[in-house]
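Enquirer: Below is input-v9.cif; it holds mmCIF, C-alpha atoms.
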data_query
loop_
_atom_site.label_atom_id
_atom_site.label_comp_id
_atom_site.auth_asym_id
_atom_site.auth_seq_id
_atom_site.Cartn_x
_atom_site.Cartn_y
_atom_site.Cartn_z
CA MET N 55 92.74 11.82 56.37
CA SER N 56 90.29 9.27 55.01
CA TRP N 57 87.45 8.12 57.27
CA ASP N 58 88.23 4.60 55.98
CA HIS N 59 91.32 4.47 58.23
CA TYR N 60 89.11 4.91 61.28
CA ARG N 61 86.51 2.49 59.95
CA TYR N 62 89.19 -0.22 59.81
CA PHE N 63 90.49 0.85 63.21
CA LEU N 64 87.05 0.47 64.81
CA ALA N 65 86.52 -2.93 63.21
CA VAL N 66 89.79 -4.25 64.67
CA ALA N 67 89.06 -2.65 68.05
CA GLU N 68 85.63 -4.32 68.19
CA THR N 69 86.62 -7.76 66.89
CA GLY N 70 90.15 -8.02 68.35
CA SER N 71 91.76 -9.44 65.23
CA LEU N 72 92.63 -8.58 61.65
CA SER N 73 90.91 -11.65 60.24
CA ALA N 74 87.61 -10.97 62.05
CA ALA N 75 87.72 -7.32 61.02
CA ALA N 76 88.36 -8.36 57.41
CA ARG N 77 85.29 -10.63 57.45
CA GLN N 78 83.17 -7.84 58.94
CA LEU N 79 84.32 -5.36 56.28
CA SER N 80 84.32 -7.89 53.41
CA VAL N 81 87.96 -7.17 52.54
CA SER N 82 91.20 -9.12 52.76
CA GLN N 83 93.22 -9.45 55.96
CA PRO N 84 96.31 -7.75 54.43
CA THR N 85 94.14 -4.76 53.51
CA VAL N 86 93.08 -4.34 57.13
CA GLY N 87 96.66 -4.68 58.33
CA ARG N 88 97.86 -2.09 55.83
CA GLN N 89 95.18 0.41 56.87
CA ILE N 90 96.07 0.03 60.57
CA ALA N 91 99.78 0.45 59.84
CA GLU N 92 99.14 3.60 57.79
CA LEU N 93 96.97 5.08 60.56
CA GLU N 94 99.59 4.41 63.23
CA LYS N 95 102.28 5.94 61.03
CA ARG N 96 100.19 9.05 60.38
CA LEU N 97 99.40 9.49 64.09
CA GLY N 98 102.91 8.65 65.19
CA THR N 99 101.80 6.21 67.90
CA ARG N 100 100.93 2.55 68.36
CA LEU N 101 97.20 1.90 68.63
CA PHE N 102 97.32 -1.85 69.27
CA GLU N 103 99.45 -4.30 71.18
CA ARG N 104 99.96 -7.40 69.05
CA ALA N 105 99.36 -10.34 71.41
CA SER N 106 99.16 -14.04 70.66
CA HIS N 107 95.40 -14.03 71.31
CA GLY N 108 94.62 -10.92 69.27
CA TYR N 109 94.95 -7.15 69.00
CA LEU N 110 94.63 -5.17 72.26
CA LEU N 111 94.13 -1.42 72.36
CA THR N 112 96.89 0.71 73.80
CA LEU N 113 96.02 3.70 76.00
CA ALA N 114 96.25 5.94 72.92
CA GLY N 115 94.07 3.48 71.01
CA GLN N 116 91.44 3.54 73.76
CA GLN N 117 91.32 7.36 73.72
CA ILE N 118 91.00 7.48 69.94
CA ARG N 119 88.31 4.78 69.98
CA ASP N 120 86.20 6.81 72.42
CA LYS N 121 86.50 9.94 70.26
CA ILE N 122 85.72 8.07 67.04
CA LYS N 123 82.68 6.40 68.60
CA ALA N 124 81.38 9.83 69.66
CA ILE N 125 81.85 11.16 66.11
CA GLU N 126 80.14 8.08 64.69
CA SER N 127 77.19 8.65 67.04
CA ASP N 128 76.95 12.29 65.93
CA LEU N 129 76.96 11.24 62.28
CA ASP N 130 74.14 8.76 62.96
CA GLY N 131 72.19 11.57 64.61
CA VAL N 132 72.69 13.86 61.62
CA GLU N 133 71.50 11.09 59.29
CA GLN N 134 68.36 10.57 61.36
CA VAL N 135 67.60 14.29 61.36
CA ILE N 136 68.06 14.54 57.59
CA SER N 137 65.92 11.44 57.06
CA GLY N 138 63.24 12.96 59.27
CA LEU N 139 63.30 16.20 57.30
CA ASP N 140 62.91 14.33 54.04
CA ASN N 141 59.96 12.29 55.28
CA SER N 142 58.10 14.99 57.17
CA LEU N 143 55.34 17.04 55.58
CA SER N 144 57.09 20.34 56.10
CA GLY N 145 59.52 22.52 54.21
CA THR N 146 59.51 24.21 50.81
CA ILE N 147 58.49 22.72 47.47
CA ARG N 148 59.49 24.56 44.29
CA ILE N 149 57.15 24.05 41.35
CA SER N 150 57.50 25.11 37.75
CA ALA N 151 54.51 25.56 35.46
CA THR N 152 53.38 27.72 32.58
CA GLU N 153 51.80 31.00 33.61
CA GLY N 154 48.28 30.08 32.60
CA PHE N 155 48.18 26.61 34.08
CA GLY N 156 49.98 27.68 37.23
CA SER N 157 47.71 30.67 37.86
CA TYR N 158 44.30 29.37 36.87
CA TRP N 159 44.42 25.66 37.79
CA LEU N 160 47.43 24.84 39.95
CA THR N 161 47.40 27.67 42.51
CA PRO N 162 43.92 26.86 43.90
CA LYS N 163 44.97 23.21 44.18
CA LEU N 164 48.08 24.17 46.15
CA GLY N 165 45.85 26.17 48.49
CA LEU N 166 43.79 23.06 49.17
CA PHE N 167 46.92 20.97 49.77
CA GLN N 168 48.34 23.57 52.14
CA ARG N 169 45.17 23.57 54.22
CA ARG N 170 45.78 19.86 54.75
CA HIS N 171 49.51 20.34 55.42
CA PRO N 172 50.03 23.85 56.83
CA ASN N 173 53.80 23.42 57.35
CA ILE N 174 54.41 23.16 53.59
CA ARG N 175 55.62 26.30 51.79
CA PHE N 176 55.55 26.78 48.04
CA GLU N 177 57.68 28.63 45.52
CA LEU N 178 55.78 28.70 42.24
CA MET N 179 57.73 29.63 39.11
CA LEU N 180 55.41 30.71 36.32
CA ASP N 181 57.38 31.07 33.15
CA ILE N 182 57.00 30.16 29.52
CA SER N 183 60.59 28.88 29.57
CA VAL N 184 61.47 25.39 30.78
CA VAL N 185 63.45 24.99 34.01
CA ASP N 186 66.06 22.26 34.41
CA LEU N 187 64.98 19.76 37.07
CA ARG N 188 68.35 18.02 36.79
CA ARG N 189 70.01 21.17 38.13
CA ARG N 190 67.35 21.39 40.88
CA GLU N 191 65.94 24.67 39.57
CA ALA N 192 62.61 23.21 40.70
CA ASP N 193 61.42 20.14 42.58
CA ILE N 194 58.32 19.44 40.48
CA ALA N 195 57.40 20.57 36.98
CA LEU N 196 54.18 20.48 34.98
CA ARG N 197 54.78 20.18 31.26
CA LEU N 198 52.78 19.72 28.07
CA ALA N 199 55.46 17.32 26.78
CA ASN N 200 57.65 14.54 28.13
CA PRO N 201 61.31 15.66 28.12
CA ARG N 202 62.49 12.01 28.19
CA VAL N 203 65.48 12.66 30.43
CA SER N 204 66.86 9.65 32.30
CA ASP N 205 67.25 11.44 35.66
CA LEU N 206 63.59 12.48 35.77
CA ILE N 207 60.62 10.49 36.98
CA GLY N 208 57.34 11.42 35.37
CA ARG N 209 53.99 10.24 34.19
CA GLN N 210 51.23 11.51 31.98
CA VAL N 211 48.54 12.65 34.40
CA GLY N 212 45.91 13.75 31.92
CA GLN N 213 45.26 15.99 28.97
CA THR N 214 44.33 19.61 28.56
CA GLY N 215 41.99 20.65 25.80
CA PHE N 216 42.21 23.78 23.70
CA GLY N 217 39.33 25.45 21.89
CA LEU N 218 38.58 28.62 19.95
CA TYR N 219 37.04 31.51 21.90
CA GLY N 220 35.83 35.02 21.31
CA ALA N 221 34.11 37.78 23.28
CA GLN N 222 30.38 38.15 22.70
CA ALA N 223 30.92 41.86 22.00
CA TYR N 224 33.39 41.00 19.22
CA LEU N 225 31.02 38.42 17.73
CA ASP N 226 28.12 40.89 17.77
CA LYS N 227 30.25 43.25 15.67
CA HIS N 228 32.02 40.82 13.31
CA GLY N 229 29.61 37.90 13.21
CA GLN N 230 29.96 34.39 14.60
CA PRO N 231 31.86 31.90 12.39
CA LYS N 232 29.76 28.91 11.31
CA SER N 233 32.66 26.86 9.91
CA VAL N 234 36.45 26.79 9.87
CA SER N 235 36.44 28.47 6.45
CA ASP N 236 34.67 31.49 7.98
CA LEU N 237 37.72 32.17 10.19
CA ALA N 238 39.46 33.80 7.22
CA ASN N 239 37.32 36.88 7.91
CA HIS N 240 38.36 37.30 11.55
CA ASP N 241 41.19 38.75 13.62
CA PHE N 242 43.18 36.67 16.11
CA ILE N 243 45.24 36.92 19.26
CA GLY N 244 48.38 34.80 19.43
CA TRP N 245 51.56 34.04 21.26
CA LYS N 246 54.64 36.16 20.97
CA SER N 247 56.90 35.00 18.15
CA GLY N 248 59.85 32.85 19.15
CA GLN N 249 57.74 30.54 21.33
CA ASP N 250 57.04 27.96 18.62
CA ARG N 251 58.89 25.30 20.62
CA LEU N 252 55.88 25.03 22.92
CA PRO N 253 53.26 22.46 21.83
CA PHE N 254 50.33 24.88 21.85
CA SER N 255 51.97 28.06 20.58
CA ASN N 256 52.02 27.10 16.90
CA ALA N 257 48.57 25.44 16.85
CA LEU N 258 46.95 28.68 15.68
CA GLU N 259 48.80 28.40 12.35
CA LYS N 260 46.16 25.89 11.23
CA TYR N 261 43.49 28.56 11.34
CA ALA N 262 45.16 31.96 10.92
CA THR N 263 47.95 33.47 8.83
CA PRO N 264 50.49 35.75 10.56
CA GLU N 265 48.74 38.78 9.05
CA MET N 266 45.47 37.79 10.74
CA ILE N 267 47.07 37.80 14.21
CA LYS N 268 46.56 41.39 15.33
CA PHE N 269 47.88 41.06 18.88
CA ARG N 270 50.67 38.92 20.31
CA CYS N 271 51.87 38.52 23.88
CA ASP N 272 53.49 35.94 26.16
CA THR N 273 51.02 35.95 29.08
CA VAL N 274 47.50 34.56 29.16
CA ALA N 275 46.31 37.39 31.40
CA ALA N 276 47.06 39.86 28.61
CA GLN N 277 45.47 37.56 26.05
CA ILE N 278 42.24 37.36 28.02
CA ALA N 279 42.21 41.14 28.42
CA ALA N 280 42.71 41.50 24.66
CA VAL N 281 39.84 39.11 23.94
CA ARG N 282 37.53 40.93 26.32
CA SER N 283 38.39 44.24 24.67
CA GLY N 284 37.29 42.85 21.30
CA MET N 285 40.69 42.56 19.61
CA GLY N 286 40.03 39.12 18.15
CA LEU N 287 39.56 35.40 18.66
CA PHE N 288 42.03 33.21 20.49
CA LEU N 289 42.92 29.53 20.79
CA ALA N 290 43.11 28.80 24.50
CA PRO N 291 43.02 26.00 27.06
CA HIS N 292 39.53 25.55 28.49
CA TYR N 293 40.65 25.88 32.11
CA LEU N 294 41.59 29.55 31.80
CA VAL N 295 38.57 30.88 29.92
CA PRO N 296 36.08 32.87 32.03
CA ARG N 297 32.89 30.88 32.53
CA GLU N 298 30.47 33.73 33.08
CA GLY N 299 29.42 33.92 29.41
CA GLU N 300 31.33 37.05 28.42
CA VAL N 301 33.64 34.83 26.34
CA VAL N 302 32.05 32.22 24.05
CA ARG N 303 33.45 28.96 22.72
CA LEU N 304 33.32 28.67 18.92
CA LEU N 305 33.13 25.66 16.58
CA PRO N 306 33.48 23.06 19.36
CA SER N 307 32.88 20.14 16.99
CA GLU N 308 35.56 21.25 14.56
CA ILE N 309 38.21 22.69 16.88
CA GLN N 310 39.30 20.60 19.85
CA LEU N 311 43.03 20.13 20.42
CA ASN N 312 44.29 17.93 23.24
CA PHE N 313 47.80 18.00 24.71
CA ASP N 314 49.26 15.54 27.20
CA ILE N 315 50.08 16.87 30.69
CA TRP N 316 53.20 15.49 32.37
CA LEU N 317 54.05 15.73 36.06
CA LEU N 318 57.81 15.43 36.60
CA THR N 319 60.36 15.34 39.38
CA HIS N 320 63.98 14.29 39.81
CA ARG N 321 64.44 10.63 40.75
CA ASP N 322 66.33 11.66 43.92
CA LEU N 323 63.24 13.52 45.19
CA VAL N 324 60.46 11.08 44.38
CA ASN N 325 60.52 9.47 47.85
CA VAL N 326 60.98 12.67 49.85
CA GLY N 327 57.87 12.84 52.02
CA ARG N 328 56.57 16.29 51.13
CA VAL N 329 57.27 15.81 47.41
CA ARG N 330 55.68 12.37 47.33
CA ALA N 331 52.59 13.67 49.13
CA LEU N 332 52.14 16.54 46.65
CA LEU N 333 52.64 14.26 43.64
CA ASP N 334 49.97 11.86 44.92
CA PHE N 335 47.64 14.78 45.65
CA LEU N 336 48.07 16.25 42.16
CA TYR N 337 47.49 12.83 40.53
CA GLU N 338 44.14 12.74 42.33
CA GLN N 339 43.25 16.30 41.30
CA PHE N 340 44.03 15.62 37.65
CA ARG N 341 41.81 12.55 37.76
CA ASN N 342 38.95 14.50 39.34
CA ASP N 343 39.26 17.37 36.83
CA ARG N 344 39.61 15.26 33.70
CA ASP N 345 36.41 16.49 32.02
CA PHE N 346 37.02 20.10 33.07
CA LEU N 347 40.54 20.16 31.60
CA LEU N 348 39.38 18.57 28.36
CA GLY N 349 36.47 20.99 28.08
CA GLU N 350 33.87 18.21 28.11
CA ASP N 351 31.72 20.30 30.45
CA LEU N 352 31.54 22.99 27.72
CA ARG N 353 30.29 20.74 24.95
CA PRO N 354 26.67 21.34 23.91
#
Using structure tokens, write down the structure that the file contains.

Expert:
Amino acid sequence: MSWDHYRYFLAVAETGSLSAAARQLSVSQPTVGRQIAELEKRLGTRLFERASHGYLLTLAGQQIRDKIKAIESDLDGVEQVISGLDNSLSGTIRISATEGFGSYWLTPKLGLFQRRHPNIRFELMLDISVVDLRRREADIALRLANPRVSDLIGRQVGQTGFGLYGAQAYLDKHGQPKSVSDLANHDFIGWKSGQDRLPFSNALEKYATPEMIKFRCDTVAAQIAAVRSGMGLFLAPHYLVPREGEVVRLLPSEIQLNFDIWLLTHRDLVNVGRVRALLDFLYEQFRNDRDFLLGEDLRP
């Protein structure tokens, strides 16, 4: 049975007439009368006495009104609880990011946020593939491109810079390139084939032929290990390169690639308290780390 029948019933019970109930519900008087008649027919009993001065509840009508009011009160309570859950800084937030960005930049930031809000839990999905926020596979996503989907709310929060790097041990053996043309004499580390849909995965094609790429993989941890072992040079975001000097940036004036960073969520989640708080926090962190992400702190 439709809840609308009982909504009309309560309006008539409270106002005492079909016309007043119709005004309250913004419908026509015949519509109210039809709903009441259908409800009485379905229940097999009269709910109102039709008097010259209005509609009076029968004993059955009074009993039903009391039960419906109790249900209505319970529903209001459920709504308040759900609203409170949405606006409280507790619960789980699912975040999607690429493996490198999620591991080397995002995870420490989430640790800082959690110290401020200890009742927040995180599920971090680190994958080269793109999750579908519209299907709620994640609550928030960090992307190097704007998907331009109508159901998503997003903004560009900064840029990440890529540069060319090599291990000092490799450079001692093979020599340090002085210009882009010198790169023809070097080996490279690249992304696994089939990932050319990602903005940064095909950038290496400007500097190296497929034959020059001697090692491919789909995780930055393995790429860094390969660089450290002297397998070749790699094009990498500045935020994930070790800063202790073991890995050296090469040709900074000639090779600097910048990609936009987008922070996205579904429009239904943008005002949920815990999600809104994390979005605002990450906006601030991106602003504070602008030079670091662009590699400005590495320029000579």

Enquirer: Just the residues within 8 Å of region 342-345 of chain N, please, counting all atoms listed in the file, with nothing from its chain fewer than 4 positions along; format it as a ChimeraX atom specification.

Expert: /N:212-213,338,349-351

Enquirer: Mind giving me the axis-aligned box for region 144-162 of chain N with 3 Å on every side, centre plus edges in Å to one decimal, as AutoDock Vina command-line options?

Expert:
--center_x 51.7 --center_y 25.7 --center_z 44.3 --size_x 21.6 --size_y 16.7 --size_z 29.5

Enquirer: For CA of Gly244 (chain N) and CA of Gln339 (chain N), determine how far apart the two atoms are, in Å to one decimal place.

Expert: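 Calculated distance between CA of Gly244 (chain N) and CA of Gln339 (chain N) is 29.1 Å.
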
Enquirer: If you apply the PyMOL selection byres ((chain N and resi 348) around 12) to this file, what residues do you get, as JSON, numbers by chain?

Expert: {"N": [212, 213, 214, 215, 216, 217, 290, 291, 292, 293, 294, 306, 310, 311, 312, 313, 314, 315, 340, 341, 342, 343, 344, 345, 346, 347, 349, 350, 351, 352, 353]}

Enquirer: What gap, in Å, lies between CA of Ser144 (chain N) and CA of Arg330 (chain N)?

Expert: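 Those two atoms sit 11.9 Å apart.
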
Enquirer: Would you pick out the contacts of Phe242 (chain N) at 6 Å or less, using only C-alpha atoms, so that residues sharing its chain but fewer than 6 positions from it are not included, and give the list as JSON, numbers by chain?

Expert: {"N": [266, 267, 268, 286, 287, 288]}

Enquirer: Which one is closest to Arg321 (chain N): N:Leu289, N:Leu206, N:Leu111, N:Val274? Count only C-alpha atoms.

Expert: N:Leu206

Enquirer: What is the CA of Arg282 (chain N)-CA of Ala151 (chain N) distance in Å, reported with one decimal?

Expert: 24.7 Å
